[in-house]
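What follows is final.txt (compact mmCIF, C-alpha atoms).
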```txt
# COMPACT_ATOMS: atom_id res chain seq x y z
CA MET A 1 93.53 -140.77 99.86
CA LEU A 2 96.86 -141.05 101.66
CA ASP A 3 97.19 -141.40 105.42
CA ILE A 4 97.99 -137.94 106.85
CA CYS A 5 100.38 -139.64 109.30
CA LEU A 6 102.46 -140.87 106.36
CA VAL A 7 102.65 -137.35 104.92
CA ARG A 8 103.66 -135.92 108.32
CA GLU A 9 106.23 -138.57 109.12
CA ASN A 10 107.76 -139.12 105.69
CA PRO A 11 107.15 -136.10 103.44
CA ALA A 12 110.32 -136.88 101.45
CA LEU A 13 108.85 -140.24 100.37
CA VAL A 14 105.57 -138.65 99.31
CA LYS A 15 107.35 -135.88 97.39
CA ALA A 16 109.58 -138.40 95.60
CA ASN A 17 106.47 -140.38 94.66
CA GLU A 18 104.82 -137.26 93.22
CA LYS A 19 107.95 -136.49 91.19
CA LYS A 20 108.00 -140.03 89.76
CA ARG A 21 104.47 -139.42 88.51
CA ASN A 22 105.56 -136.10 86.97
CA ARG A 23 103.42 -134.20 89.48
CA ASP A 24 104.25 -131.07 91.48
CA PRO A 25 105.57 -132.08 94.95
CA LYS A 26 104.67 -128.68 96.40
CA THR A 27 101.21 -130.10 97.15
CA VAL A 28 102.86 -132.00 100.00
CA ASP A 29 104.03 -128.72 101.55
CA GLU A 30 100.55 -127.23 101.11
CA VAL A 31 99.00 -130.21 102.91
CA LEU A 32 101.46 -129.92 105.79
CA ALA A 33 100.96 -126.15 106.09
CA LEU A 34 97.18 -126.58 106.35
CA ASP A 35 97.70 -129.44 108.80
CA GLU A 36 99.76 -127.14 111.05
CA LYS A 37 97.11 -124.42 110.88
CA TRP A 38 94.43 -126.96 111.83
CA LYS A 39 96.45 -128.24 114.78
CA LYS A 40 97.21 -124.70 115.94
CA GLU A 41 93.53 -123.67 115.96
CA LEU A 42 92.61 -126.94 117.64
CA LYS A 43 95.20 -126.31 120.35
CA PHE A 44 93.84 -122.79 120.92
CA ALA A 45 90.32 -124.23 121.22
CA GLU A 46 91.48 -126.79 123.80
CA GLU A 47 93.26 -124.11 125.84
CA LEU A 48 90.10 -121.97 125.78
CA LYS A 49 88.00 -124.93 126.89
CA HIS A 50 90.32 -125.34 129.86
CA LYS A 51 89.91 -121.62 130.62
CA ARG A 52 86.12 -122.00 130.32
CA ASN A 53 86.20 -124.81 132.88
CA VAL A 54 88.26 -122.67 135.28
CA VAL A 55 85.92 -119.68 134.91
CA SER A 56 82.90 -121.94 135.33
CA GLN A 57 84.35 -123.22 138.60
CA GLU A 58 84.99 -119.66 139.75
CA ILE A 59 81.37 -118.68 138.99
CA ASN A 60 80.10 -121.64 141.01
CA GLU A 61 82.30 -120.64 143.96
CA LEU A 62 81.05 -117.01 143.81
CA LYS A 63 77.44 -118.21 143.79
CA LYS A 64 78.08 -120.45 146.81
CA ALA A 65 79.59 -117.46 148.65
CA GLY A 66 76.57 -115.31 147.72
CA LYS A 67 78.71 -112.92 145.70
CA ASN A 68 77.99 -111.19 142.37
CA GLY A 69 79.46 -113.20 139.47
CA ALA A 70 78.36 -110.89 136.62
CA SER A 71 81.89 -110.06 135.47
CA LYS A 72 82.86 -113.73 135.41
CA ILE A 73 79.70 -114.63 133.48
CA LYS A 74 80.58 -111.95 130.92
CA GLU A 75 84.10 -113.40 130.73
CA MET A 76 82.58 -116.88 130.27
CA ARG A 77 80.44 -115.73 127.34
CA LYS A 78 83.48 -114.22 125.66
CA VAL A 79 85.46 -117.45 126.10
CA VAL A 80 82.60 -119.54 124.68
CA GLU A 81 82.45 -117.25 121.63
CA GLU A 82 86.21 -117.56 121.14
CA ILE A 83 85.96 -121.36 121.38
CA LYS A 84 83.29 -121.38 118.67
CA ASN A 85 85.45 -119.15 116.48
CA LYS A 86 88.54 -121.34 116.89
CA GLU A 87 86.60 -124.56 116.23
CA GLU A 88 85.10 -123.11 113.06
CA LYS A 89 88.57 -122.08 111.88
CA ALA A 90 89.94 -125.53 112.74
CA GLU A 91 87.11 -127.21 110.80
CA LYS A 92 87.79 -124.96 107.80
CA PHE A 93 91.51 -125.77 107.80
CA LEU A 94 90.77 -129.49 108.23
CA GLU A 95 88.43 -129.46 105.23
CA GLU A 96 91.01 -127.59 103.13
CA ARG A 97 93.76 -129.97 104.25
CA ASN A 98 91.73 -133.05 103.32
CA ASP A 99 90.83 -131.58 99.93
CA LYS A 100 94.54 -131.07 99.26
CA LEU A 101 95.35 -134.51 100.67
CA LYS A 102 93.04 -136.07 98.08
CA LEU A 103 95.21 -134.53 95.36
CA LEU A 104 98.22 -136.59 96.43
CA SER A 105 98.57 -139.87 94.57
CA ASN A 106 98.95 -143.34 96.02
CA ILE A 107 102.48 -144.53 96.82
CA MET A 108 103.64 -146.64 93.90
CA HIS A 109 105.00 -150.17 94.13
CA GLU A 110 108.74 -150.50 93.55
CA LYS A 111 108.08 -152.66 90.47
CA VAL A 112 106.15 -149.94 88.61
CA PRO A 113 108.28 -149.25 85.51
CA LYS A 114 109.36 -145.69 84.79
CA GLY A 115 107.74 -144.10 81.75
CA LYS A 116 106.06 -141.01 80.39
CA ASP A 117 102.82 -142.52 79.02
CA ALA A 118 101.10 -145.71 77.78
CA SER A 119 103.77 -146.22 75.12
CA ASP A 120 106.22 -147.05 77.94
CA ASN A 121 104.07 -149.76 79.54
CA VAL A 122 106.04 -153.01 79.78
CA GLU A 123 104.90 -156.33 78.34
CA ILE A 124 105.23 -159.01 81.04
CA LYS A 125 103.45 -162.05 79.58
CA LYS A 126 101.94 -163.44 76.40
CA GLY A 127 99.51 -166.29 75.91
CA GLY A 128 97.40 -167.98 73.27
CA LYS A 129 98.10 -168.25 69.54
CA ILE A 130 97.60 -165.43 67.05
CA PRO A 131 95.46 -166.88 64.22
CA LYS A 132 96.58 -166.86 60.58
CA PHE A 133 93.95 -166.32 57.93
CA ASN A 134 93.99 -167.30 54.24
CA PHE A 135 91.13 -164.93 53.44
CA PRO A 136 90.43 -161.19 53.92
CA VAL A 137 89.65 -160.56 57.60
CA LYS A 138 86.35 -158.82 58.38
CA GLY A 139 85.74 -156.43 61.24
CA HIS A 140 83.23 -157.34 63.93
CA VAL A 141 80.65 -154.79 62.70
CA GLU A 142 80.68 -156.23 59.18
CA LEU A 143 80.43 -159.77 60.53
CA LEU A 144 77.52 -158.98 62.84
CA GLU A 145 75.57 -156.93 60.31
CA SER A 146 76.01 -159.52 57.57
CA LEU A 147 74.52 -162.13 59.92
CA GLY A 148 71.69 -159.84 61.10
CA LEU A 149 72.81 -160.05 64.74
CA VAL A 150 72.91 -156.33 65.63
CA ASP A 151 71.15 -153.10 64.77
CA PHE A 152 73.51 -150.19 65.28
CA ASN A 153 71.43 -147.86 63.11
CA ALA A 154 68.32 -148.28 65.27
CA SER A 155 70.28 -147.77 68.51
CA ALA A 156 71.95 -144.65 67.07
CA ARG A 157 68.53 -143.31 66.15
CA VAL A 158 66.95 -143.83 69.58
CA SER A 159 70.01 -143.44 71.88
CA GLY A 160 72.90 -142.02 69.85
CA ASN A 161 76.36 -143.44 69.19
CA GLY A 162 77.81 -145.86 71.73
CA PHE A 163 74.69 -148.03 72.15
CA TYR A 164 73.49 -151.18 70.41
CA TYR A 165 70.76 -153.73 69.88
CA LEU A 166 72.11 -157.29 70.22
CA LYS A 167 70.00 -160.01 68.60
CA LYS A 168 69.76 -163.78 68.33
CA GLU A 169 73.06 -165.66 68.75
CA ILE A 170 75.20 -162.64 69.65
CA ALA A 171 72.79 -161.78 72.48
CA LEU A 172 73.08 -165.40 73.64
CA LEU A 173 76.88 -165.11 73.46
CA ASN A 174 76.71 -162.01 75.66
CA GLN A 175 74.76 -163.96 78.29
CA ALA A 176 77.00 -167.02 77.87
CA LEU A 177 80.07 -164.94 78.72
CA ILE A 178 78.40 -163.54 81.83
CA ARG A 179 77.36 -166.99 83.06
CA PHE A 180 80.77 -168.48 82.25
CA ALA A 181 82.63 -165.76 84.20
CA ILE A 182 80.29 -165.97 87.21
CA ASP A 183 80.59 -169.75 87.36
CA PHE A 184 84.36 -169.58 86.94
CA MET A 185 84.77 -167.10 89.79
CA THR A 186 82.29 -168.69 92.21
CA LYS A 187 84.14 -171.99 91.81
CA LYS A 188 87.24 -170.07 92.94
CA GLY A 189 85.42 -169.17 96.17
CA TYR A 190 84.30 -165.63 95.30
CA ASP A 191 80.89 -164.52 96.58
CA TYR A 192 78.51 -163.45 93.81
CA VAL A 193 76.98 -159.96 94.09
CA GLU A 194 74.54 -158.01 91.93
CA PRO A 195 75.11 -154.41 93.10
CA PRO A 196 73.13 -151.16 92.77
CA LEU A 197 73.55 -149.45 89.40
CA MET A 198 73.31 -145.98 90.97
CA LEU A 199 75.28 -144.49 93.86
CA HIS A 200 75.43 -141.27 95.87
CA GLU A 201 78.20 -138.84 94.93
CA LYS A 202 80.32 -139.62 98.02
CA GLU A 203 80.42 -143.33 97.23
CA VAL A 204 80.95 -143.04 93.48
CA PHE A 205 83.81 -140.54 93.95
CA ALA A 206 85.58 -142.81 96.48
CA SER A 207 86.81 -145.26 93.84
CA MET A 208 88.76 -142.77 91.72
CA ASP A 209 89.80 -139.15 91.71
CA LYS A 210 86.97 -136.66 91.19
CA ALA A 211 88.24 -135.37 87.84
CA ALA A 212 88.38 -138.88 86.35
CA ILE A 213 84.87 -139.65 87.60
CA GLN A 214 83.42 -136.41 86.22
CA GLN A 215 84.84 -137.32 82.82
CA SER A 216 82.95 -140.61 82.78
CA VAL A 217 79.93 -140.66 85.12
CA TYR A 218 76.33 -139.98 84.13
CA SER A 219 74.56 -138.07 86.92
CA ILE A 220 70.82 -138.05 87.53
CA LYS A 221 69.48 -134.50 87.30
CA ASP A 222 68.27 -132.97 90.60
CA GLU A 223 69.14 -136.13 92.56
CA ASP A 224 72.24 -137.29 94.43
CA LEU A 225 72.48 -140.37 92.24
CA ASN A 226 75.02 -141.40 89.60
CA LEU A 227 75.09 -144.35 87.19
CA ILE A 228 78.06 -146.61 87.93
CA GLY A 229 80.88 -146.96 85.43
CA THR A 230 81.92 -150.28 86.97
CA SER A 231 80.60 -152.50 89.75
CA GLU A 232 83.93 -151.83 91.49
CA GLN A 233 82.33 -148.58 92.68
CA SER A 234 79.29 -150.30 94.21
CA VAL A 235 81.18 -153.18 95.80
CA LEU A 236 83.71 -150.79 97.36
CA ALA A 237 80.84 -148.79 98.86
CA MET A 238 79.11 -151.90 100.23
CA HIS A 239 81.26 -151.87 103.40
CA SER A 240 81.38 -148.08 103.75
CA GLY A 241 81.91 -147.04 107.38
CA LYS A 242 82.29 -150.66 108.52
CA THR A 243 84.97 -152.28 110.65
CA ILE A 244 85.49 -155.87 109.49
CA PRO A 245 86.76 -158.55 111.90
CA ASP A 246 90.15 -159.94 110.92
CA SER A 247 88.66 -163.44 110.77
CA GLU A 248 86.37 -162.41 107.87
CA LEU A 249 89.21 -161.27 105.60
CA PRO A 250 89.87 -161.54 102.78
CA LYS A 251 86.39 -160.76 101.47
CA LYS A 252 86.38 -161.86 97.83
CA TYR A 253 83.54 -160.85 95.51
CA VAL A 254 82.56 -161.33 91.90
CA ALA A 255 79.95 -158.84 90.72
CA TYR A 256 77.96 -158.56 87.52
CA SER A 257 76.44 -155.27 86.41
CA MET A 258 75.55 -153.09 83.50
CA CYS A 259 78.03 -150.21 83.31
CA PHE A 260 77.61 -146.69 81.94
CA ARG A 261 80.34 -144.28 80.84
CA LYS A 262 80.35 -140.93 79.06
CA GLU A 263 83.72 -141.75 77.46
CA VAL A 264 84.54 -138.05 77.22
CA GLY A 265 88.01 -137.29 75.88
CA ALA A 266 90.23 -137.45 72.86
CA HIS A 267 89.00 -140.85 71.71
CA GLY A 268 85.26 -140.10 71.96
CA ILE A 269 82.77 -142.48 70.40
CA ASN A 270 82.44 -141.84 66.68
CA ASP A 271 82.40 -145.30 65.14
CA LYS A 272 79.61 -147.82 65.51
CA GLY A 273 80.52 -151.11 67.09
CA LEU A 274 81.10 -152.86 70.41
CA TRP A 275 84.67 -151.93 71.27
CA ARG A 276 83.99 -148.53 72.86
CA THR A 277 80.46 -147.92 74.08
CA HIS A 278 78.46 -145.89 76.60
CA GLN A 279 76.75 -149.01 77.98
CA PHE A 280 78.20 -152.48 78.49
CA ASN A 281 78.09 -155.61 80.64
CA LYS A 282 80.97 -156.45 82.97
CA VAL A 283 81.86 -159.12 85.50
CA GLU A 284 84.24 -157.67 88.08
CA GLN A 285 86.49 -159.17 90.77
CA PHE A 286 86.90 -157.23 94.00
CA VAL A 287 88.83 -157.97 97.20
CA PHE A 288 88.98 -156.42 100.70
CA CYS A 289 92.03 -157.75 102.57
CA ARG A 290 94.56 -157.17 105.32
CA PRO A 291 97.34 -154.74 104.31
CA GLU A 292 99.96 -157.48 104.50
CA ASP A 293 97.99 -159.70 102.08
CA SER A 294 97.35 -157.31 99.18
CA GLU A 295 100.32 -158.36 97.04
CA GLN A 296 99.35 -162.01 97.43
CA MET A 297 95.80 -161.12 96.36
CA TYR A 298 97.19 -159.16 93.39
CA THR A 299 98.86 -162.32 92.15
CA GLU A 300 95.67 -164.33 92.68
CA LEU A 301 93.59 -161.87 90.69
CA PHE A 302 96.20 -161.87 87.92
CA ASN A 303 96.03 -165.66 87.72
CA ASN A 304 92.22 -165.63 87.63
CA SER A 305 92.09 -163.44 84.53
CA ASP A 306 94.97 -165.31 82.93
CA GLU A 307 93.03 -168.57 83.29
CA ILE A 308 89.87 -166.99 81.86
CA LEU A 309 91.75 -165.85 78.76
CA LYS A 310 93.22 -169.33 78.33
CA GLU A 311 89.78 -170.93 78.72
CA LEU A 312 88.45 -168.64 76.00
CA GLU A 313 91.41 -169.57 73.75
CA LEU A 314 92.20 -165.95 72.95
CA PRO A 315 95.62 -164.59 71.96
CA TYR A 316 96.51 -162.14 74.72
CA ARG A 317 99.23 -160.32 76.60
CA TRP A 318 99.73 -158.53 79.94
CA VAL A 319 101.39 -155.14 80.30
CA GLU A 320 102.64 -153.55 83.53
CA ILE A 321 101.45 -149.93 83.72
CA CYS A 322 104.29 -147.39 83.93
CA THR A 323 104.59 -144.34 86.22
CA GLY A 324 103.33 -141.90 83.59
CA ASP A 325 100.21 -143.96 82.82
CA LEU A 326 99.34 -145.16 86.33
CA ALA A 327 96.14 -143.66 87.76
CA ASP A 328 96.58 -141.58 90.91
CA TRP A 329 94.64 -143.98 93.16
CA LYS A 330 96.62 -147.08 92.12
CA HIS A 331 99.64 -148.61 93.87
CA ARG A 332 100.31 -150.78 90.84
CA SER A 333 98.32 -151.99 87.86
CA ALA A 334 98.45 -154.26 84.83
CA ASP A 335 96.22 -154.40 81.75
CA PHE A 336 95.38 -157.55 79.86
CA GLU A 337 94.92 -157.16 76.12
CA THR A 338 93.76 -159.27 73.20
CA TRP A 339 95.14 -159.49 69.70
CA ARG A 340 92.89 -157.84 67.11
CA PRO A 341 93.55 -159.10 63.56
CA THR A 342 91.62 -156.15 62.10
CA THR A 343 94.01 -153.59 63.60
CA ASN A 344 97.11 -155.82 63.86
CA GLU A 345 97.67 -154.78 67.46
CA TYR A 346 96.64 -155.64 71.00
CA GLY A 347 93.61 -153.89 72.52
CA GLU A 348 92.76 -153.57 76.20
CA LEU A 349 90.23 -156.01 77.65
CA GLY A 350 90.52 -155.23 81.34
CA SER A 351 92.65 -153.90 84.14
CA LEU A 352 94.02 -155.28 87.42
CA SER A 353 94.77 -152.84 90.26
CA ASN A 354 96.05 -152.86 93.82
CA CYS A 355 94.76 -149.64 95.42
CA THR A 356 96.17 -150.47 98.90
CA ASP A 357 94.33 -148.34 101.52
CA TYR A 358 93.80 -145.35 99.22
CA GLN A 359 90.14 -146.04 98.33
CA ALA A 360 89.05 -147.55 101.64
CA ARG A 361 90.30 -144.56 103.68
CA LYS A 362 87.80 -142.28 101.90
CA LEU A 363 84.96 -144.54 103.06
CA ASN A 364 86.46 -145.40 106.46
CA ILE A 365 86.57 -149.18 105.92
CA LYS A 366 88.78 -150.85 108.53
CA VAL A 367 89.83 -154.21 109.87
CA VAL A 368 90.01 -154.89 113.62
CA GLY A 369 92.76 -157.33 114.59
CA LYS A 370 92.66 -159.97 117.30
CA ASP A 371 94.57 -157.57 119.56
CA GLY A 372 91.96 -154.86 119.01
CA SER A 373 94.14 -152.75 116.71
CA ARG A 374 92.43 -151.10 113.74
CA LYS A 375 93.83 -150.54 110.26
CA VAL A 376 92.35 -149.36 106.98
CA VAL A 377 91.80 -152.37 104.71
CA HIS A 378 93.41 -152.76 101.30
CA THR A 379 91.25 -153.04 98.18
CA LEU A 380 91.98 -154.65 94.84
CA ASN A 381 89.92 -154.97 91.68
CA ASN A 382 90.22 -156.76 88.38
CA THR A 383 88.02 -157.24 85.36
CA ALA A 384 86.89 -160.83 84.94
CA LEU A 385 85.51 -159.84 81.55
CA ALA A 386 83.66 -157.03 79.80
CA THR A 387 81.40 -158.85 77.36
CA SER A 388 81.38 -156.33 74.51
CA ARG A 389 85.17 -156.34 74.06
CA ILE A 390 85.47 -160.08 74.59
CA MET A 391 82.80 -160.57 71.90
CA VAL A 392 84.82 -158.38 69.52
CA ALA A 393 87.88 -160.53 70.26
CA ILE A 394 85.94 -163.76 69.63
CA LEU A 395 84.33 -162.44 66.44
CA GLU A 396 87.60 -161.25 64.96
CA ASN A 397 89.82 -164.16 66.01
CA PHE A 398 87.35 -167.02 65.44
CA GLN A 399 85.82 -165.94 62.13
CA THR A 400 85.82 -168.36 59.19
CA LYS A 401 86.08 -167.94 55.44
CA GLN A 402 82.33 -168.56 55.22
CA GLY A 403 81.64 -165.57 57.46
CA THR A 404 80.65 -167.68 60.47
CA ILE A 405 82.14 -167.43 63.96
CA LYS A 406 83.28 -170.45 65.95
CA ILE A 407 82.47 -170.43 69.66
CA PRO A 408 85.24 -171.26 72.18
CA LYS A 409 84.54 -174.66 73.75
CA ALA A 410 84.35 -173.18 77.26
CA LEU A 411 81.15 -171.37 76.21
CA TRP A 412 79.38 -174.30 74.53
CA PRO A 413 77.45 -175.32 77.67
CA TYR A 414 75.89 -171.82 77.78
CA MET A 415 74.96 -171.49 74.07
CA ASN A 416 71.89 -173.76 73.76
CA GLY A 417 73.77 -176.18 71.50
CA ILE A 418 75.23 -173.50 69.20
CA THR A 419 78.94 -174.06 68.52
CA GLU A 420 79.29 -171.87 65.42
CA ILE A 421 77.36 -168.64 64.86
CA GLY A 422 75.91 -168.30 61.38
CA LYS A 423 76.33 -171.94 60.42
CA LYS A 424 73.30 -173.30 58.58
```

Go ahead and render the structure in this file as structure tokens.
Amino acid sequence: MLDICLVRENPALVKANEKKRNRDPKTVDEVLALDEKWKKELKFAEELKHKRNVVSQEINELKKAGKNGASKIKEMRKVVEEIKNKEEKAEKFLEERNDKLKLLSNIMHEKVPKGKDASDNVEIKKGGKIPKFNFPVKGHVELLESLGLVDFNASARVSGNGFYYLKKEIALLNQALIRFAIDFMTKKGYDYVEPPLMLHEKEVFASMDKAAIQQSVYSIKDEDLNLIGTSEQSVLAMHSGKTIPDSELPKKYVAYSMCFRKEVGAHGINDKGLWRTHQFNKVEQFVFCRPEDSEQMYTELFNNSDEILKELELPYRWVEICTGDLADWKHRSADFETWRPTTNEYGELGSLSNCTDYQARKLNIKVVGKDGSRKVVHTLNNTALATSRIMVAILENFQTKQGTIKIPKALWPYMNGITEIGKK
């Protein structure tokens, strides 16, 4: 969430930011009104505490003089009750203020392009070569089923749509992609983490806004546990409540996890396949850094994913997310997409985001400087790769006339000698 000091000191900036996102700026006024009510009740409570101290001193003096202090004791009890009442009111207003504060979106970067929705996202880079085929292109489901590498019917029977059984070479390819991404990132100096797959509600809601989480997260019945939709959520929570010495920043992590998402919404999951699923494998990049370093880290994360796509020889592009499509918790964001010959368009593979201090403030994660000053850290995340979608991209772009699939050279060391799936 936003820093309340920013809202107090520069409400015009926050309102302008809400307008750019096509959101109602009156929320800013509601936050400030509740903030004033909180401060007013707090001030009353402090004044009453001072009065309590004065009365307490008077009672002590009466006792020393051997006089009856009954009236003062009665007055003291009344003051104590009023203090309790004011503190309860202050706590109520503070809770209401913070709930409203969480509704305000992150301040956007000046480079975020203006637009109403995803159709206005701006292409900023292209890479790789779109393949040309002299034979009818097959979809990844047809390719996999013809080679006996998946069983979507069995998974639909035992789990429903959005799940899958991977077999033989495609299961090896899944593991090869994971190992490739982990090795690539650890060589870049990122610490490898395997995080918890379930989190408490407080931690899982810290990464995004509550409405977005509720649309996607599977919750465990009768327990305060939720299956993660991305390891970003677990890695963010890892330093919850911690103050990190300046000398330890940036903290750069690469995390592998299974991920689980309801995928509730207009798109749903109606078709069998690997492109949109309820369960998938993902290798994620995550950074905690000083506020002044987050843009530099954004560029580094961009370059990491760009190199991965080049290594995998995929045709791809980057798009800068516009104001109308940018998630509330993001300062700026870019998606990287791959060309899909079966749909003749680019499809999203992953997303890079600078969330500045918006996520970390919810979990009170700070950095202490050499001078003793404390600031909320900035957080950034970026997909290294989600294996299911990358596999779709490889299957569709590297298929042959014979119905086999060539493996990108970068993955050969992880494929037990297999360089072409389906080749006799």

Smallest atom-to-atom distance to A:Val287: which of A:Tyr256, A:Trp339, A:Tyr190, A:Tyr346, using only C-alpha atoms?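 Result for the nearest residue to A:Val287: A:Tyr190.
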
Polymer residues at most 12 Å from (75.9, -157.5, 60.9) by all atoms listed in the file, as a short mmCIF file (atom, residue, chain, number, x, y, z; two decimals) with C-alpha atoms, in the frame of the given file:
```cif
data_model
loop_
_atom_site.label_atom_id
_atom_site.label_comp_id
_atom_site.auth_asym_id
_atom_site.auth_seq_id
_atom_site.Cartn_x
_atom_site.Cartn_y
_atom_site.Cartn_z
CA LYS A 138 86.35 -158.82 58.38
CA GLY A 139 85.74 -156.43 61.24
CA HIS A 140 83.23 -157.34 63.93
CA VAL A 141 80.65 -154.79 62.70
CA GLU A 142 80.68 -156.23 59.18
CA LEU A 143 80.43 -159.77 60.53
CA LEU A 144 77.52 -158.98 62.84
CA GLU A 145 75.57 -156.93 60.31
CA SER A 146 76.01 -159.52 57.57
CA LEU A 147 74.52 -162.13 59.92
CA GLY A 148 71.69 -159.84 61.10
CA LEU A 149 72.81 -160.05 64.74
CA VAL A 150 72.91 -156.33 65.63
CA ASP A 151 71.15 -153.10 64.77
CA PHE A 152 73.51 -150.19 65.28
CA ASN A 153 71.43 -147.86 63.11
CA TYR A 164 73.49 -151.18 70.41
CA TYR A 165 70.76 -153.73 69.88
CA LEU A 166 72.11 -157.29 70.22
CA LYS A 167 70.00 -160.01 68.60
CA LYS A 168 69.76 -163.78 68.33
CA GLU A 169 73.06 -165.66 68.75
CA ILE A 170 75.20 -162.64 69.65
CA LYS A 272 79.61 -147.82 65.51
CA GLY A 273 80.52 -151.11 67.09
CA LEU A 274 81.10 -152.86 70.41
CA LEU A 395 84.33 -162.44 66.44
CA GLY A 403 81.64 -165.57 57.46
CA THR A 404 80.65 -167.68 60.47
CA ILE A 421 77.36 -168.64 64.86
CA GLY A 422 75.91 -168.30 61.38
#
```

Contact residues around stretch 348-352 of chain A with only C-alpha atoms at 9 Å, ignoring same-chain residues under 5 positions, as a list in words: Tyr298, Leu301, Phe302, Ser305, Arg332, Ser333, Ala334, Asp335, Phe336, Glu337, Thr338, Leu380, Asn381, Asn382, Thr383, Ala384, Leu385, Ala386, Arg389, Ile390 and Ala393 of chain A

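Take atom CA of A:Arg261 and atom CA of A:Glu201: the distance between them is 15.3 Å.
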
Atom-to-atom span, atom CA of A:Lys63 and atom CA of A:Glu46, Å: 25.9 Å

Excluding A:Tyr358 and any residue of its chain fewer than 3 positions from it, enumerate the residues within 6 Å of it, using all atoms listed in the file, and give them as an MDAnalysis selection string. chainID A and resid 1:2 355 361

For A:Gln233, the nearest of the candidates A:Lys221, A:His200, A:Arg157, A:Lys401, counting all atoms listed in the file: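 Using all atoms listed in the file, A:Gln233 sits closest to A:His200.
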
What's the 9 Å shell around stretch 109-116 of chain A, counting only C-alpha atoms, without same-chain residues fewer than 3 positions away, as a PyMOL selection string? chain A and resi 20-22+119-122+320-326+331-333

Have a look at A:Val392, A:Val377, A:Val79, A:Leu314 and name the one nearest to A:Phe44; count all atoms listed in the file.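 That would be A:Val79, the residue with the smallest distance to A:Phe44.
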
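Note that the spacing between atom CA of A:Asp371 and atom CA of A:Leu6 amounts to 22.7 Å.
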
Between A:Ile308, A:Cys289, A:Leu411, A:Ile418, which has the minimum distance to A:Val367 (counting all atoms listed in the file)?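 Result for the nearest residue to A:Val367: A:Cys289.
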
Mind giving me the axis-aligned box for stretch 377-394 of chain A with 5 Å on every side, centre plus edges in Å to one decimal, as AutoDock Vina command-line options?
```
--center_x 87.4 --center_y -158.1 --center_z 87.1 --size_x 22.0 --size_y 21.4 --size_z 45.2
```

Residues near A:Asn281, cut-off 10 Å, all atoms listed in the file, skip fewer than 4 positions along chain, as a PyMOL selection string: chain A and resi 174-175+177-178+230-231+256-260+385-389
